[in-house]
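Student: Input structure: upload-v5.pdb, which contains PDB, C-alpha atoms.
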ATOM      1  CA  MET A   1      15.138 -51.581 -49.226
ATOM      2  CA  THR A   2      12.642 -50.806 -46.553
ATOM      3  CA  ALA A   3       9.429 -48.952 -47.245
ATOM      4  CA  SER A   4      10.718 -45.749 -45.639
ATOM      5  CA  GLU A   5      13.973 -45.938 -47.600
ATOM      6  CA  ARG A   6      12.028 -46.429 -50.788
ATOM      7  CA  MET A   7       9.789 -43.429 -49.991
ATOM      8  CA  MET A   8      12.825 -41.245 -49.313
ATOM      9  CA  LYS A   9      14.430 -42.228 -52.574
ATOM     10  CA  LEU A  10      11.193 -41.591 -54.489
ATOM     11  CA  MET A  11      10.988 -38.108 -53.001
ATOM     12  CA  ALA A  12      14.624 -37.459 -53.851
ATOM     13  CA  TYR A  13      13.957 -38.619 -57.389
ATOM     14  CA  ILE A  14      10.994 -36.272 -57.725
ATOM     15  CA  ASP A  15      13.167 -33.416 -56.518
ATOM     16  CA  GLY A  16      15.845 -34.348 -59.031
ATOM     17  CA  GLU A  17      18.408 -35.140 -56.387
ATOM     18  CA  LEU A  18      19.293 -38.622 -57.553
ATOM     19  CA  GLU A  19      22.016 -39.328 -60.036
ATOM     20  CA  GLY A  20      23.727 -42.271 -61.582
ATOM     21  CA  ALA A  21      22.981 -45.712 -60.234
ATOM     22  CA  GLU A  22      20.450 -44.495 -57.704
ATOM     23  CA  ARG A  23      18.444 -42.682 -60.348
ATOM     24  CA  ALA A  24      18.589 -45.721 -62.643
ATOM     25  CA  GLU A  25      17.470 -47.957 -59.835
ATOM     26  CA  ILE A  26      14.389 -45.807 -59.145
ATOM     27  CA  GLU A  27      13.523 -45.538 -62.860
ATOM     28  CA  LYS A  28      13.714 -49.309 -63.108
ATOM     29  CA  LEU A  29      11.494 -49.608 -60.070
ATOM     30  CA  LEU A  30       8.899 -47.244 -61.550
ATOM     31  CA  GLU A  31       8.691 -49.420 -64.668
ATOM     32  CA  THR A  32       7.758 -52.474 -62.654
ATOM     33  CA  ASP A  33       6.017 -51.115 -59.581
ATOM     34  CA  ALA A  34       2.670 -49.425 -60.266
ATOM     35  CA  GLU A  35       2.329 -48.419 -56.635
ATOM     36  CA  ALA A  36       5.630 -46.554 -56.754
ATOM     37  CA  MET A  37       4.625 -44.841 -59.972
ATOM     38  CA  LYS A  38       1.348 -43.757 -58.405
ATOM     39  CA  ILE A  39       3.214 -42.255 -55.451
ATOM     40  CA  VAL A  40       5.583 -40.381 -57.699
ATOM     41  CA  ASN A  41       2.730 -38.952 -59.730
ATOM     42  CA  GLN A  42       0.824 -37.820 -56.667
ATOM     43  CA  MET A  43       3.876 -36.232 -55.102
ATOM     44  CA  ALA A  44       4.759 -34.492 -58.340
ATOM     45  CA  SER A  45       1.250 -33.053 -58.535
ATOM     46  CA  LEU A  46       1.485 -31.925 -54.953
ATOM     47  CA  GLY A  47       4.803 -30.226 -55.723
ATOM     48  CA  GLU A  48       3.226 -28.280 -58.554
ATOM     49  CA  VAL A  49       0.407 -27.112 -56.303
ATOM     50  CA  VAL A  50       2.900 -25.933 -53.713
ATOM     51  CA  LYS A  51       4.871 -24.042 -56.314
ATOM     52  CA  ALA A  52       1.687 -22.370 -57.552
ATOM     53  CA  ILE A  53       0.754 -21.211 -54.016
ATOM     54  CA  GLN A  54       4.263 -20.099 -53.021
ATOM     55  CA  PRO A  55       4.835 -16.359 -53.592
ATOM     56  CA  LYS A  56       7.052 -15.503 -56.424
ATOM     57  CA  ALA A  57      10.601 -14.986 -55.316
ATOM     58  CA  PRO A  58      11.848 -11.429 -55.746
ATOM     59  CA  ASP A  59      13.882 -10.766 -58.781
ATOM     60  CA  ILE A  60      16.560  -9.039 -56.681
ATOM     61  CA  ASP A  61      18.513 -11.000 -54.174
ATOM     62  CA  LEU A  62      17.671  -9.131 -50.954
ATOM     63  CA  THR A  63      20.431 -10.734 -48.977
ATOM     64  CA  ASP A  64      23.040  -9.500 -51.378
ATOM     65  CA  ALA A  65      21.480  -6.044 -51.478
ATOM     66  CA  ILE A  66      21.409  -5.743 -47.691
ATOM     67  CA  MET A  67      24.937  -6.965 -47.263
ATOM     68  CA  ALA A  68      26.095  -4.543 -49.935
ATOM     69  CA  LYS A  69      24.381  -1.675 -48.097
ATOM     70  CA  VAL A  70      25.988  -2.680 -44.811
ATOM     71  CA  GLU A  71      29.385  -2.779 -46.423
ATOM     72  CA  ASN A  72      28.897   0.718 -47.868
ATOM     73  CA  GLU A  73      27.855   2.132 -44.491
ATOM     74  CA  LYS A  74      30.851   0.588 -42.840
ATOM     75  CA  ILE A  75      33.036   2.467 -45.228
ATOM     76  CA  ASP A  76      31.186   5.807 -45.121
ATOM     77  CA  ALA A  77      30.409   6.075 -41.400
ATOM     78  CA  PRO A  78      33.128   7.070 -38.948
ATOM     79  CA  PRO A  79      34.223   4.307 -36.659
ATOM     80  CA  ALA A  80      32.052   4.025 -33.561
ATOM     81  CA  LYS A  81      33.642   5.079 -30.275
ATOM     82  CA  VAL A  82      34.271   2.155 -28.012
ATOM     83  CA  VAL A  83      33.180   2.822 -24.402
ATOM     84  CA  SER A  84      33.577   0.359 -21.604
ATOM     85  CA  ILE A  85      30.483  -0.732 -19.727
ATOM     86  CA  SER A  86      31.884   0.441 -16.391
ATOM     87  CA  ALA A  87      32.586   3.920 -17.797
ATOM     88  CA  ALA A  88      29.079   4.133 -19.191
ATOM     89  CA  LYS A  89      27.636   3.077 -15.838
ATOM     90  CA  LYS A  90      29.723   5.686 -13.998
ATOM     91  CA  ARG A  91      28.562   8.418 -16.373
ATOM     92  CA  ARG A  92      24.942   7.354 -15.890
ATOM     93  CA  ASN A  93      25.348   7.328 -12.108
ATOM     94  CA  VAL A  94      26.709  10.885 -12.203
ATOM     95  CA  GLY A  95      23.672  11.947 -14.224
ATOM     96  CA  VAL A  96      21.320  10.362 -11.708
ATOM     97  CA  ALA A  97      23.162  12.063  -8.837
ATOM     98  CA  VAL A  98      22.990  15.465 -10.524
ATOM     99  CA  VAL A  99      19.273  15.140 -11.180
ATOM    100  CA  ALA A 100      18.627  13.948  -7.629
ATOM    101  CA  ALA A 101      20.650  16.857  -6.244
ATOM    102  CA  LEU A 102      18.673  19.315  -8.370
ATOM    103  CA  ALA A 103      15.404  17.844  -7.164
ATOM    104  CA  LEU A 104      16.583  17.984  -3.555
ATOM    105  CA  ALA A 105      17.772  21.575  -3.903
ATOM    106  CA  ALA A 106      14.488  22.603  -5.459
ATOM    107  CA  SER A 107      12.585  20.939  -2.613
ATOM    108  CA  VAL A 108      14.700  22.764  -0.021
ATOM    109  CA  VAL A 109      14.083  26.097  -1.755
ATOM    110  CA  VAL A 110      10.338  25.527  -1.822
ATOM    111  CA  MET A 111      10.257  24.355   1.815
ATOM    112  CA  THR A 112      12.249  27.409   2.903
ATOM    113  CA  ARG A 113       9.902  29.720   1.062
ATOM    114  CA  GLN A 114       6.869  28.058   2.582
ATOM    115  CA  LYS A 115       8.429  28.345   6.034
ATOM    116  CA  ASP A 116       9.096  32.046   5.527
ATOM    117  CA  GLU A 117       5.619  32.658   4.258
ATOM    118  CA  ALA A 118       3.851  30.679   6.954
ATOM    119  CA  PRO A 119       3.473  33.566   9.439
ATOM    120  CA  LEU A 120       1.816  35.666   6.743
ATOM    121  CA  ALA A 121      -0.740  33.004   6.036
ATOM    122  CA  ARG A 122      -1.421  32.183   9.661
ATOM    123  CA  ALA A 123      -4.544  33.648  11.130
ATOM    124  CA  PRO A 124      -3.346  35.813  14.029
ATOM    125  CA  GLN A 125      -6.381  35.048  16.158
ATOM    126  CA  ASN A 126      -5.962  31.304  15.930
ATOM    127  CA  PRO A 127      -2.293  30.351  15.972
ATOM    128  CA  PRO A 128      -1.177  26.770  16.290
ATOM    129  CA  ALA A 129      -0.651  25.611  19.842
ATOM    130  CA  GLU A 130       3.073  25.060  19.383
ATOM    131  CA  THR A 131       3.719  28.790  18.976
ATOM    132  CA  ASN A 132       3.234  28.993  22.722
ATOM    133  CA  GLN A 133       6.180  26.716  23.220
ATOM    134  CA  VAL A 134       8.779  28.757  21.381
ATOM    135  CA  ASN A 135      11.434  30.606  23.364
ATOM    136  CA  GLN A 136       9.343  30.912  26.434
ATOM    137  CA  SER A 137      12.110  31.742  28.833
ATOM    138  CA  SER A 138      12.971  35.362  29.086
ATOM    139  CA  GLY A 139      15.919  36.623  31.054
ATOM    140  CA  PRO A 140      18.124  37.808  28.188
ATOM    141  CA  GLY A 141      15.993  39.466  25.613
ATOM    142  CA  VAL A 142      13.603  41.156  28.017
ATOM    143  CA  GLU A 143      14.393  44.165  30.156
ATOM    144  CA  VAL A 144      11.773  45.293  32.625
ATOM    145  CA  GLU A 145      11.703  48.303  34.853
ATOM    146  CA  ALA A 146       8.862  48.724  37.291
ATOM    147  CA  VAL A 147       6.956  51.966  37.297
ATOM    148  CA  GLU A 148       6.473  53.392  40.713
ATOM    149  CA  SER A 149       2.873  54.246  41.409
ATOM    150  CA  PRO A 150       1.597  55.656  44.662
ATOM    151  CA  GLY A 151      -0.599  53.202  46.544
ATOM    152  CA  HIS A 152       0.565  50.141  44.596
ATOM    153  CA  SER A 153       3.448  47.818  45.028
ATOM    154  CA  VAL A 154       4.878  46.668  41.743
ATOM    155  CA  SER A 155       7.936  44.430  41.796
ATOM    156  CA  VAL A 156      10.081  42.785  39.164
ATOM    157  CA  PHE A 157      11.363  39.287  39.789
ATOM    158  CA  TYR A 158      13.663  37.018  37.884
ATOM    159  CA  LEU A 159      12.345  33.630  38.828
ATOM    160  CA  PRO A 160      13.498  30.183  37.807
ATOM    161  CA  THR A 161      11.083  28.282  35.665
ATOM    162  CA  THR A 162       9.468  25.047  36.784
ATOM    163  CA  ASN A 163      12.081  22.996  34.975
ATOM    164  CA  GLU A 164      14.937  24.985  36.593
ATOM    165  CA  MET A 165      16.494  25.432  33.155
ATOM    166  CA  SER A 166      15.961  29.162  32.725
ATOM    167  CA  THR A 167      14.573  32.255  34.345
ATOM    168  CA  SER A 168      11.559  34.380  33.603
ATOM    169  CA  VAL A 169      10.897  38.021  34.231
ATOM    170  CA  VAL A 170       7.816  38.585  36.351
ATOM    171  CA  VAL A 171       6.184  41.925  37.040
ATOM    172  CA  TRP A 172       4.101  41.366  40.149
ATOM    173  CA  VAL A 173       1.383  43.708  41.305
ATOM    174  CA  ASP A 174       0.688  43.158  44.977
ATOM    175  CA  GLU A 175      -3.078  43.062  44.974
ATOM    176  CA  THR A 176      -3.623  39.634  46.380
ATOM    177  CA  GLY A 177      -1.720  40.313  49.532
ATOM    178  CA  ASP A 178       0.565  37.344  49.048
ATOM    179  CA  LYS A 179       3.386  38.643  46.951
ATOM    180  CA  LYS A 180       5.524  35.761  45.915
TER     181      LYS A 180
ATOM    182  CA  MET B   1      19.177  -1.008 -15.776
ATOM    183  CA  LYS B   2      15.491  -0.504 -16.369
ATOM    184  CA  THR B   3      14.907   0.372 -12.721
ATOM    185  CA  ARG B   4      17.684   2.915 -12.792
ATOM    186  CA  ARG B   5      16.288   4.504 -15.912
ATOM    187  CA  THR B   6      12.854   4.686 -14.305
ATOM    188  CA  LEU B   7      14.340   6.354 -11.226
ATOM    189  CA  LEU B   8      16.159   8.857 -13.391
ATOM    190  CA  LEU B   9      12.992   9.796 -15.227
ATOM    191  CA  SER B  10      11.087  10.043 -11.930
ATOM    192  CA  ALA B  11      13.724  12.351 -10.467
ATOM    193  CA  ILE B  12      13.597  14.567 -13.542
ATOM    194  CA  ALA B  13       9.808  14.691 -13.369
ATOM    195  CA  LEU B  14       9.890  15.491  -9.660
ATOM    196  CA  GLY B  15      12.474  18.209 -10.105
ATOM    197  CA  CYS B  16      10.518  19.787 -12.933
ATOM    198  CA  ALA B  17       7.290  19.636 -10.934
ATOM    199  CA  VAL B  18       8.908  21.257  -7.908
ATOM    200  CA  LEU B  19      10.653  23.953  -9.907
ATOM    201  CA  THR B  20       7.562  24.815 -11.897
ATOM    202  CA  SER B  21       5.425  24.928  -8.767
ATOM    203  CA  ALA B  22       7.761  27.367  -6.973
ATOM    204  CA  PRO B  23       6.857  30.458  -9.012
ATOM    205  CA  ALA B  24       3.180  29.640  -8.477
ATOM    206  CA  VAL B  25       3.674  30.110  -4.737
ATOM    207  CA  GLU B  26       5.221  33.505  -5.358
ATOM    208  CA  ALA B  27       2.447  34.479  -7.665
ATOM    209  CA  GLN B  28      -0.239  33.856  -5.086
ATOM    210  CA  PRO B  29      -1.630  36.986  -3.504
ATOM    211  CA  GLN B  30      -0.215  37.387  -0.048
ATOM    212  CA  VAL B  31      -2.423  37.561   2.980
ATOM    213  CA  GLN B  32      -2.587  41.035   4.430
ATOM    214  CA  VAL B  33       0.344  41.599   6.748
ATOM    215  CA  GLN B  34      -0.867  41.802  10.320
ATOM    216  CA  GLY B  35       2.290  43.287  11.783
ATOM    217  CA  PRO B  36       3.840  42.486  15.134
ATOM    218  CA  GLN B  37       1.577  41.498  17.964
ATOM    219  CA  ALA B  38       1.828  40.716  21.632
ATOM    220  CA  GLU B  39       0.540  37.276  22.430
ATOM    221  CA  VAL B  40      -1.031  37.363  25.866
ATOM    222  CA  LEU B  41      -1.801  34.113  27.648
ATOM    223  CA  ILE B  42      -4.195  34.852  30.480
ATOM    224  CA  ILE B  43      -3.383  32.306  33.161
ATOM    225  CA  LEU B  44      -5.228  31.566  36.366
ATOM    226  CA  ALA B  45      -2.798  30.559  39.091
ATOM    227  CA  THR B  46      -4.318  28.738  42.023
ATOM    228  CA  GLN B  47      -3.473  26.368  44.821
ATOM    229  CA  CYS B  48      -4.774  22.893  44.110
ATOM    230  CA  ALA B  49      -4.305  19.313  45.215
ATOM    231  CA  GLN B  50      -2.827  18.070  41.977
ATOM    232  CA  PRO B  51      -0.108  20.440  40.752
ATOM    233  CA  SER B  52      -0.326  21.030  37.041
ATOM    234  CA  VAL B  53       0.769  23.430  34.341
ATOM    235  CA  ASP B  54      -1.378  23.869  31.258
ATOM    236  CA  PRO B  55       0.557  22.410  28.284
ATOM    237  CA  LYS B  56      -0.167  25.613  26.360
ATOM    238  CA  ILE B  57       2.019  27.492  28.818
ATOM    239  CA  GLY B  58       5.130  25.408  28.629
ATOM    240  CA  GLU B  59       7.595  26.685  31.202
ATOM    241  CA  MET B  60       6.193  28.708  34.057
ATOM    242  CA  PRO B  61       8.126  30.732  36.615
ATOM    243  CA  LYS B  62       7.844  29.518  40.193
ATOM    244  CA  LEU B  63       5.297  31.911  41.604
ATOM    245  CA  GLY B  64       4.299  29.761  44.553
ATOM    246  CA  TYR B  65       1.056  28.453  43.102
ATOM    247  CA  SER B  66       0.540  24.817  42.267
ATOM    248  CA  CYS B  67      -1.839  24.975  39.317
ATOM    249  CA  TYR B  68      -1.654  27.141  36.230
ATOM    250  CA  LYS B  69      -4.369  27.084  33.598
ATOM    251  CA  VAL B  70      -4.753  29.203  30.485
ATOM    252  CA  VAL B  71      -8.216  30.736  30.569
ATOM    253  CA  ASP B  72      -7.871  32.907  27.485
ATOM    254  CA  THR B  73      -5.422  34.058  24.832
ATOM    255  CA  LYS B  74      -5.377  37.550  23.378
ATOM    256  CA  TYR B  75      -3.351  39.209  20.641
ATOM    257  CA  LEU B  76      -2.605  42.894  20.897
ATOM    258  CA  ALA B  77      -1.308  44.812  17.894
ATOM    259  CA  LEU B  78       2.006  46.525  18.463
ATOM    260  CA  VAL B  79       1.945  49.792  16.555
ATOM    261  CA  LYS B  80       4.428  52.480  17.447
ATOM    262  CA  GLY B  81       2.778  55.267  19.407
ATOM    263  CA  GLN B  82      -0.456  53.353  19.930
ATOM    264  CA  SER B  83      -2.051  51.437  22.772
ATOM    265  CA  SER B  84      -3.812  48.132  22.501
ATOM    266  CA  SER B  85      -5.867  46.529  25.235
ATOM    267  CA  ALA B  86      -7.616  43.324  26.182
ATOM    268  CA  PRO B  87     -10.264  42.664  28.839
ATOM    269  CA  LEU B  88      -9.345  40.388  31.730
ATOM    270  CA  PRO B  89     -11.660  37.877  33.408
ATOM    271  CA  ASN B  90     -11.663  39.949  36.598
ATOM    272  CA  GLY B  91     -13.303  42.854  34.822
ATOM    273  CA  ARG B  92     -10.170  44.903  34.420
ATOM    274  CA  THR B  93      -8.323  45.706  31.227
ATOM    275  CA  PHE B  94      -4.734  45.033  30.315
ATOM    276  CA  GLN B  95      -3.064  47.513  28.015
ATOM    277  CA  ILE B  96       0.183  47.640  26.100
ATOM    278  CA  THR B  97       1.480  50.878  24.664
ATOM    279  CA  THR B  98       4.226  50.599  22.068
ATOM    280  CA  ASN B  99       6.556  53.516  22.554
ATOM    281  CA  ASP B 100       9.193  52.520  20.046
ATOM    282  CA  ILE B 101      10.443  49.718  17.824
ATOM    283  CA  ILE B 102      14.209  49.831  17.600
ATOM    284  CA  GLY B 103      16.902  47.861  15.860
ATOM    285  CA  SER B 104      17.192  46.270  12.463
ATOM    286  CA  ASP B 105      14.973  43.534  11.150
ATOM    287  CA  LYS B 106      16.979  40.794  12.816
ATOM    288  CA  ASP B 107      17.596  42.611  16.093
ATOM    289  CA  LYS B 108      14.339  44.380  16.644
ATOM    290  CA  LYS B 109      13.328  45.355  20.141
ATOM    291  CA  TYR B 110       9.957  46.570  21.235
ATOM    292  CA  LYS B 111       9.808  49.247  23.904
ATOM    293  CA  MET B 112       6.442  48.981  25.577
ATOM    294  CA  VAL B 113       4.579  50.086  28.671
ATOM    295  CA  ALA B 114       2.381  47.507  30.375
ATOM    296  CA  SER B 115      -0.632  48.892  32.197
ATOM    297  CA  VAL B 116      -3.775  47.642  33.840
ATOM    298  CA  SER B 117      -6.988  49.505  34.439
ATOM    299  CA  GLN B 118      -7.775  50.708  37.925
ATOM    300  CA  PRO B 119     -10.535  48.869  39.740
ATOM    301  CA  ASP B 120     -12.825  51.790  39.064
ATOM    302  CA  GLY B 121     -12.074  51.499  35.356
ATOM    303  CA  LYS B 122     -11.463  55.202  34.953
ATOM    304  CA  SER B 123      -7.741  55.174  34.393
ATOM    305  CA  PHE B 124      -4.801  52.902  33.737
ATOM    306  CA  LEU B 125      -2.100  52.084  36.211
ATOM    307  CA  LYS B 126       1.328  51.832  34.628
ATOM    308  CA  LEU B 127       3.095  48.716  35.785
ATOM    309  CA  ALA B 128       6.407  48.481  33.970
ATOM    310  CA  ASP B 129       8.510  49.684  31.109
ATOM    311  CA  VAL B 130       9.446  46.677  29.041
ATOM    312  CA  THR B 131      11.991  46.288  26.275
ATOM    313  CA  ALA B 132      11.525  42.902  24.684
ATOM    314  CA  GLU B 133      12.934  41.007  21.780
ATOM    315  CA  PRO B 134      10.561  38.943  19.651
ATOM    316  CA  ASN B 135       9.525  35.584  21.084
ATOM    317  CA  LYS B 136      10.926  36.376  24.544
ATOM    318  CA  ARG B 137       8.275  35.915  27.165
ATOM    319  CA  PHE B 138       7.709  37.949  30.281
ATOM    320  CA  HIS B 139       4.990  37.798  32.876
ATOM    321  CA  VAL B 140       2.731  40.308  34.543
ATOM    322  CA  GLY B 141       0.585  39.105  37.419
ATOM    323  CA  GLY B 142      -0.865  39.520  40.832
ATOM    324  CA  PHE B 143      -4.423  40.479  40.040
ATOM    325  CA  GLY B 144      -6.686  38.614  42.448
ATOM    326  CA  TYR B 145      -9.253  36.310  40.840
ATOM    327  CA  GLN B 146     -11.239  33.293  42.027
ATOM    328  CA  GLY B 147      -9.098  32.680  45.067
ATOM    329  CA  GLY B 148      -5.920  32.801  43.035
ATOM    330  CA  ALA B 149      -4.199  35.280  40.814
ATOM    331  CA  LEU B 150      -4.260  36.172  37.169
ATOM    332  CA  VAL B 151      -0.880  35.970  35.473
ATOM    333  CA  LEU B 152      -0.301  37.234  31.964
ATOM    334  CA  ALA B 153       2.407  35.545  29.914
ATOM    335  CA  ILE B 154       3.334  37.955  27.159
ATOM    336  CA  LYS B 155       5.602  37.660  24.188
ATOM    337  CA  VAL B 156       6.065  39.624  21.006
ATOM    338  CA  VAL B 157       5.150  37.754  17.859
ATOM    339  CA  PRO B 158       6.785  39.590  14.939
TER     340      PRO B 158
END
Once more with this new file: its structure as structure tokens, please.

Tutor:
Amino acid sequence: MTASERMMKLMAYIDGELEGAERAEIEKLLETDAEAMKIVNQMASLGEVVKAIQPKAPDIDLTDAIMAKVENEKIDAPPAKVVSISAAKKRRNVGVAVVAALALAASVVVMTRQKDEAPLARAPQNPPAETNQVNQSSGPGVEVEAVESPGHSVSVFYLPTTNEMSTSVVVWVDETGDKK
Amino acid sequence: MKTRRTLLLSAIALGCAVLTSAPAVEAQPQVQVQGPQAEVLIILATQCAQPSVDPKIGEMPKLGYSCYKVVDTKYLALVKGQSSSAPLPNGRTFQITTNDIIGSDKDKKYKMVASVSQPDGKSFLKLADVTAEPNKRFHVGGFGYQGGALVLAIKVVP
């Protein structure tokens, strides 16, 4: 028996795990081997210390209690509805889409309101430059009739614009001598 | 999964923020309504070596000049039965008289008389009867100034 085998058997003996021939063998060894006896005594003392430090085990078996509770709930509770993962994902995607659509709609409403209210907030004496670019061509939308005045030549022209894309109404007062 | 949940919560938060902010805009006191106005771009048309049109003008009718520059911008209130005037760089005064505002809100038309003061400044010379829809531009010009001519680009700003 090697040293490690002997140590293992001594520990098993201390723990009461040996029976029959093995137990008799170790008891015989302890009678003749003082070193072995010393080891057994030390390990036994150590075991008592460990037992003293170890918290007292609960009187009730928690495992049994928990399992009993689980069994009761299984009986009382209605069976859980089984939903496939793909169905759950689809439902979640619909929720995300609805929320996104609501957010988008709300943004559009607010932007529309701000657009409608912009002219009210704009200072009339200092409009943004781009207002000069809106619907500049006339033609349809403007009707002009010259007023005849003695001693003045007032003419109305419908002239093409510089980009040739539309026409503009021009009331020209001939004061420069070079009526266009 | 976690990312999707975060996006969902963000969308909800954004939607709530937007919706709750909307009534706040309505609750703000509105700026005093100015009413319709005539925007008058006072343009100096001249002959020059490098043809150019002031970007503020946009499209300009072909009047035979090569350079067009905005020298001033005026806004004249359009109130039915009232006249509104603006001084011109040549010392004369341009005047618009609003005779009537016809049509519904979407199809409004402004019936106006455009006039300019006589050189002596004692009276106004009627130039034209104009019926204009909002944002439709027309031009009045021909007043000699600095070797060129003053041209007024006018449009109704509702």

Student: Rank nothing, just name the residue among A:Met165, A:Glu145, A:Tyr158, A:Ser45 nearest to chain B, using all atoms listed in the file.

Tutor: A:Glu145

Student: Do you know which residues the PyMOL selection byres ((chain B and resi 97) around 12) returns on this file, as a PyMOL selection string?

Tutor: chain B and resi 37-38+76-86+94-96+98-101+110-116+124+126-131

Student: CA of Gln34 (chain B) and CA of Asp72 (chain B) are how many Å apart?

Tutor: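 Taking CA of Gln34 (chain B) and CA of Asp72 (chain B), their separation equals 20.6 Å.
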
Student: Under the rule that only C-alpha atoms are counted, which of B:Met60, B:Leu41, B:Val71, B:Ile154 is the nearest residue to chain A?

Tutor: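 Checking each of B:Met60, B:Leu41, B:Val71, B:Ile154 against chain A, counting only C-alpha atoms, the winner is B:Met60.
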
Student: So what does the PyMOL selection byres ((chain B and resi 158) around 9) actually pick up in this one, as a list in words?

Tutor: Pro119 of chain A; Gly35, Pro36, Gln37, Ala38, Pro134, Asn135, Val156 and Val157 of chain B

Student: Mind pulling up the distance from CA of Gly103 (chain B) to CA of Glu133 (chain B)?

Tutor: 9.9 Å

Student: If you measure from CA of Leu152 (chain B) to CA of Asp174 (chain A), what distance in Å do you get, rounded to one decimal?

Tutor: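 Interatomic distance here is 14.3 Å.
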
Student: As a check of understanding, name the residues that the PyMOL selection byres ((chain A and resi 7) around 12) selects in the supplied structure, as a PDB file with C-alpha atoms, in the frame of the given file.

Tutor:
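Result file is selection-v7.pdb:
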ATOM      1  CA  MET A   1      15.138 -51.581 -49.226  1.00  0.00           C
ATOM      2  CA  THR A   2      12.642 -50.806 -46.553  1.00  0.00           C
ATOM      3  CA  ALA A   3       9.429 -48.952 -47.245  1.00  0.00           C
ATOM      4  CA  SER A   4      10.718 -45.749 -45.639  1.00  0.00           C
ATOM      5  CA  GLU A   5      13.973 -45.938 -47.600  1.00  0.00           C
ATOM      6  CA  ARG A   6      12.028 -46.429 -50.788  1.00  0.00           C
ATOM      7  CA  MET A   8      12.825 -41.245 -49.313  1.00  0.00           C
ATOM      8  CA  LYS A   9      14.430 -42.228 -52.574  1.00  0.00           C
ATOM      9  CA  LEU A  10      11.193 -41.591 -54.489  1.00  0.00           C
ATOM     10  CA  MET A  11      10.988 -38.108 -53.001  1.00  0.00           C
ATOM     11  CA  ALA A  12      14.624 -37.459 -53.851  1.00  0.00           C
ATOM     12  CA  TYR A  13      13.957 -38.619 -57.389  1.00  0.00           C
ATOM     13  CA  ILE A  14      10.994 -36.272 -57.725  1.00  0.00           C
ATOM     14  CA  ILE A  26      14.389 -45.807 -59.145  1.00  0.00           C
ATOM     15  CA  LEU A  29      11.494 -49.608 -60.070  1.00  0.00           C
ATOM     16  CA  GLU A  35       2.329 -48.419 -56.635  1.00  0.00           C
ATOM     17  CA  ALA A  36       5.630 -46.554 -56.754  1.00  0.00           C
ATOM     18  CA  MET A  37       4.625 -44.841 -59.972  1.00  0.00           C
ATOM     19  CA  LYS A  38       1.348 -43.757 -58.405  1.00  0.00           C
ATOM     20  CA  ILE A  39       3.214 -42.255 -55.451  1.00  0.00           C
ATOM     21  CA  VAL A  40       5.583 -40.381 -57.699  1.00  0.00           C
ATOM     22  CA  MET A  43       3.876 -36.232 -55.102  1.00  0.00           C
TER      23      MET A  43
END

Student: From the options B:Gly142, B:Gly148, B:Pro87, B:Pro51, which residue's atoms come nearest to chain A, counting only C-alpha atoms?

Tutor: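 Of B:Gly142, B:Gly148, B:Pro87, B:Pro51, the one nearest chain A, counting only C-alpha atoms, is B:Gly142.
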
Student: With only C-alpha atoms as the atoms that count, which of A:Asp64, A:Val96, A:Ser166, A:Trp172 lies nearest to His152 (chain A)?

Tutor: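 The closest residue to His152 (chain A) is A:Trp172.
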
Student: Return the single residue from A:Ala97, A:Leu62, A:Val142, A:Val50 that is closest to chain B, with distances computed using all atoms listed in the file.

Tutor: A:Val142

Student: Nearest to Ala132 (chain B): which of B:Cys48, B:Ile43, B:Cys67, B:Ile102 is it, counting all atoms listed in the file?

Tutor: B:Ile102
